[in-house]
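To keep things clear, I will list the structure first and then write my remarks on it.
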Amino acid sequence: MNMITYGSGTGEDPWLLKTPSLTSEFQAWRDLAKGELVVQVGSTRLAYQLRCIEDMAAMLKARGDWVALGNADEGKPVQEGSVEAWARDASNPVGGYYGTRKGYRGRFGNYVPPVLELLGLAEVEHNARANRMRAR
């Protein structure tokens, strides 16, 4: 795997990661003061509730099998049963979007799975398309 994993996961020393398809690099870090997982992609900054890491790991363990990532922008349709669908669903632990900034709450399935993989909580496929993940 060609995933970049430098950094300690702080704002001063972010993780340098690649999307599941290994085509794009991004930075991610924990902002403990705000309780957010921050993702920086070029000039675009996304943020998700920090609890998404533990919540998604628990969801993957409960499902017990591969789950499609289903990456999509906010407001776009999502693949039913996918990680992206779960991260928006009213029945998830936060009752809806994990994203904290309206208009930038999507793409959860693209940026959060590599963080779980880095932390050893999940296994992520690295195909050109249609990637999946499962609990470790």
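In the structure tokens, the first chain shown is A, the next is B, and so on; residue numbers restart at 1 for each chain, and ligands run from 1 in the order shown.
Using only C-alpha atoms, the residues found no farther than 9 Å from Pro93 (chain A), other than those of its own chain fewer than 2 positions away, are Cys52, Asp55, Ala90, Ser91, Gly95 and Gly96 of chain A.
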Item to check | Residue neighbourhood region 126-132 of chain A, 7 Å, only C-alpha atoms, exclusion window fewer than 4 positions, as a ChimeraX atom specification | outcome: /A:20-22,66-69
Next, dump the selected residues to file, keeping only C-alpha atoms, as a CSV table (one decimal), in the first residue's frame.
```csv
chain,number,residue,atom,x,y,z
A,20,PRO,CA,-8.8,5.2,-0.6
A,21,SER,CA,-8.1,5.2,-4.4
A,22,LEU,CA,-4.6,6.5,-3.6
A,66,TRP,CA,-17.1,-5.3,4.1
A,67,VAL,CA,-19.1,-2.0,3.8
A,68,ALA,CA,-19.0,0.1,0.6
A,69,LEU,CA,-17.5,3.6,1.1
```
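For the set A:Tyr111, A:Tyr104, A:Tyr98, A:Tyr6, the residue with the smallest atom-to-atom gap to Tyr48 (chain A) is A:Tyr98, counting only C-alpha atoms.
Considering only C-alpha atoms, the residue among A:Gly64, A:Gly35, A:Pro113, A:Gly106 positioned nearest to Pro77 (chain A) is A:Gly106.
Across A:Ala47, A:Met59, A:Val124, A:Leu118, the tightest approach to Trp86 (chain A) is made by A:Met59 when counting only C-alpha atoms.
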Checklist entry - If you count only C-alpha atoms, which residues fall within 8 Å of Val39 (chain A), apart from same-chain ones fewer than 2 positions away, as a PyMOL selection string? => result chain A and resi 26-29+37+41+45-47+111
For those residues, write N, CA and C atoms to a file as a short mmCIF file (atom, residue, chain, number, x, y, z; two decimals), in the first residue's frame.
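The result, stored in result-v5.cif:
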```
data_model
loop_
_atom_site.label_atom_id
_atom_site.label_comp_id
_atom_site.auth_asym_id
_atom_site.auth_seq_id
_atom_site.Cartn_x
_atom_site.Cartn_y
_atom_site.Cartn_z
N PHE A 26 -4.15 14.32 1.26
CA PHE A 26 -4.79 15.29 2.12
C PHE A 26 -4.17 15.21 3.51
N GLN A 27 -4.45 16.22 4.31
CA GLN A 27 -3.99 16.25 5.70
C GLN A 27 -5.19 16.07 6.62
N ALA A 28 -4.95 15.46 7.77
CA ALA A 28 -6.01 15.31 8.77
C ALA A 28 -5.39 15.41 10.16
N TRP A 29 -6.18 15.93 11.09
CA TRP A 29 -5.72 16.03 12.46
C TRP A 29 -6.91 16.13 13.41
N LEU A 37 -12.50 16.17 13.88
CA LEU A 37 -11.49 15.61 13.00
C LEU A 37 -11.47 16.55 11.81
N VAL A 41 -7.94 19.59 2.32
CA VAL A 41 -7.73 19.11 0.96
C VAL A 41 -7.48 20.34 0.10
N ARG A 45 -11.29 23.04 3.64
CA ARG A 45 -11.22 22.44 4.97
C ARG A 45 -12.59 21.86 5.32
N LEU A 46 -12.57 20.58 5.67
CA LEU A 46 -13.77 19.89 6.14
C LEU A 46 -13.56 19.52 7.59
N ALA A 47 -14.64 19.35 8.33
CA ALA A 47 -14.52 18.94 9.72
C ALA A 47 -15.68 18.00 10.06
N TYR A 111 -12.60 10.59 3.17
CA TYR A 111 -11.55 11.12 4.04
C TYR A 111 -11.45 10.47 5.43
#
```
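Take CA of Leu32 (chain A) and CA of Ala72 (chain A): the distance between them is 26.3 Å.
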Give the strand (DSSP E or B) residues of chain A, as DSSP finds them on the backbone, and put them as a JSON list (two decimals) with N, CA and C atoms, in the first residue's frame.
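Here's the written file selection.json:
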```
[["chain", "number", "residue", "atom", "x", "y", "z"],
["A", 6, "TYR", "N", 2.71, 10.11, 7.62],
["A", 6, "TYR", "CA", 3.57, 10.95, 8.45],
["A", 6, "TYR", "C", 2.72, 11.80, 9.37],
["A", 15, "TRP", "N", -1.51, 14.34, 10.06],
["A", 15, "TRP", "CA", -1.27, 13.12, 9.29],
["A", 15, "TRP", "C", -1.33, 13.49, 7.82],
["A", 16, "LEU", "N", -0.45, 12.96, 7.03],
["A", 16, "LEU", "CA", -0.48, 13.13, 5.58],
["A", 16, "LEU", "C", -0.97, 11.81, 5.02],
["A", 17, "LEU", "N", -2.13, 11.83, 4.40],
["A", 17, "LEU", "CA", -2.80, 10.61, 3.96],
["A", 17, "LEU", "C", -3.16, 10.67, 2.48],
["A", 18, "LYS", "N", -3.59, 9.55, 1.97],
["A", 18, "LYS", "CA", -4.13, 9.47, 0.61],
["A", 18, "LYS", "C", -5.55, 8.95, 0.68],
["A", 25, "GLU", "N", -3.82, 13.32, -2.16],
["A", 25, "GLU", "CA", -3.29, 13.45, -0.81],
["A", 25, "GLU", "C", -4.10, 14.48, -0.05],
["A", 26, "PHE", "N", -4.15, 14.32, 1.26],
["A", 26, "PHE", "CA", -4.79, 15.29, 2.12],
["A", 26, "PHE", "C", -4.17, 15.21, 3.51],
["A", 27, "GLN", "N", -4.45, 16.22, 4.31],
["A", 27, "GLN", "CA", -3.99, 16.25, 5.70],
["A", 27, "GLN", "C", -5.19, 16.07, 6.62],
["A", 28, "ALA", "N", -4.95, 15.46, 7.77],
["A", 28, "ALA", "CA", -6.01, 15.31, 8.77],
["A", 28, "ALA", "C", -5.39, 15.41, 10.16],
["A", 29, "TRP", "N", -6.18, 15.93, 11.09],
["A", 29, "TRP", "CA", -5.72, 16.03, 12.46],
["A", 29, "TRP", "C", -6.91, 16.13, 13.41],
["A", 30, "ARG", "N", -6.63, 15.81, 14.66],
["A", 30, "ARG", "CA", -7.64, 15.93, 15.72],
["A", 30, "ARG", "C", -7.55, 17.34, 16.31],
["A", 31, "ASP", "N", -8.67, 18.04, 16.33],
["A", 31, "ASP", "CA", -8.76, 19.32, 17.05],
["A", 31, "ASP", "C", -9.54, 19.03, 18.32],
["A", 36, "GLU", "N", -13.24, 17.95, 16.93],
["A", 36, "GLU", "CA", -13.39, 17.69, 15.49],
["A", 36, "GLU", "C", -12.20, 16.92, 14.91],
["A", 37, "LEU", "N", -12.50, 16.17, 13.88],
["A", 37, "LEU", "CA", -11.49, 15.61, 13.00],
["A", 37, "LEU", "C", -11.47, 16.55, 11.81],
["A", 38, "VAL", "N", -10.36, 17.25, 11.62],
["A", 38, "VAL", "CA", -10.24, 18.24, 10.56],
["A", 38, "VAL", "C", -9.51, 17.62, 9.38],
["A", 39, "VAL", "N", -10.03, 17.90, 8.18],
["A", 39, "VAL", "CA", -9.44, 17.40, 6.94],
["A", 39, "VAL", "C", -9.15, 18.60, 6.05],
["A", 40, "GLN", "N", -7.92, 18.72, 5.60],
["A", 40, "GLN", "CA", -7.52, 19.80, 4.71],
["A", 40, "GLN", "C", -7.18, 19.19, 3.35],
["A", 41, "VAL", "N", -7.94, 19.59, 2.32],
["A", 41, "VAL", "CA", -7.73, 19.11, 0.96],
["A", 41, "VAL", "C", -7.48, 20.34, 0.10],
["A", 44, "THR", "N", -9.48, 23.61, 0.70],
["A", 44, "THR", "CA", -10.77, 23.27, 1.31],
["A", 44, "THR", "C", -10.57, 22.57, 2.65],
["A", 45, "ARG", "N", -11.29, 23.04, 3.64],
["A", 45, "ARG", "CA", -11.22, 22.44, 4.97],
["A", 45, "ARG", "C", -12.59, 21.86, 5.32],
["A", 46, "LEU", "N", -12.57, 20.58, 5.67],
["A", 46, "LEU", "CA", -13.77, 19.89, 6.14],
["A", 46, "LEU", "C", -13.56, 19.52, 7.59],
["A", 47, "ALA", "N", -14.64, 19.35, 8.33],
["A", 47, "ALA", "CA", -14.52, 18.94, 9.72],
["A", 47, "ALA", "C", -15.68, 18.00, 10.06],
["A", 48, "TYR", "N", -15.36, 16.98, 10.81],
["A", 48, "TYR", "CA", -16.33, 15.98, 11.24],
["A", 48, "TYR", "C", -16.24, 15.87, 12.76],
["A", 49, "GLN", "N", -17.34, 15.53, 13.40],
["A", 49, "GLN", "CA", -17.31, 15.33, 14.84],
["A", 49, "GLN", "C", -16.26, 14.26, 15.14],
["A", 67, "VAL", "N", -18.04, -3.03, 4.02],
["A", 67, "VAL", "CA", -19.05, -2.00, 3.82],
["A", 67, "VAL", "C", -18.53, -1.06, 2.73],
["A", 68, "ALA", "N", -19.36, -0.80, 1.72],
["A", 68, "ALA", "CA", -18.98, 0.12, 0.64],
["A", 68, "ALA", "C", -18.76, 1.52, 1.22],
["A", 99, "GLY", "N", -20.51, 15.64, 9.67],
["A", 99, "GLY", "CA", -19.86, 16.86, 9.22],
["A", 99, "GLY", "C", -20.39, 18.05, 9.99],
["A", 122, "ALA", "N", -9.45, -0.24, 11.09],
["A", 122, "ALA", "CA", -10.16, -0.76, 9.92],
["A", 122, "ALA", "C", -9.19, -1.12, 8.81],
["A", 123, "GLU", "N", -9.67, -1.94, 7.93],
["A", 123, "GLU", "CA", -8.96, -2.29, 6.69],
["A", 123, "GLU", "C", -9.73, -1.62, 5.56],
["A", 124, "VAL", "N", -9.04, -0.95, 4.67],
["A", 124, "VAL", "CA", -9.66, -0.23, 3.56],
["A", 124, "VAL", "C", -9.10, -0.75, 2.25],
["A", 132, "ARG", "N", -14.20, -0.50, -0.37],
["A", 132, "ARG", "CA", -14.95, -0.92, 0.81],
["A", 132, "ARG", "C", -14.01, -0.90, 2.01],
["A", 133, "MET", "N", -14.60, -1.07, 3.18],
["A", 133, "MET", "CA", -13.81, -1.16, 4.41],
["A", 133, "MET", "C", -14.49, -2.13, 5.35],
["A", 134, "ARG", "N", -13.70, -2.62, 6.32],
["A", 134, "ARG", "CA", -14.23, -3.48, 7.37],
["A", 134, "ARG", "C", -13.40, -3.29, 8.62],
["A", 135, "ALA", "N", -13.99, -3.68, 9.74],
["A", 135, "ALA", "CA", -13.30, -3.55, 11.03],
["A", 135, "ALA", "C", -12.11, -4.48, 11.09]]
```
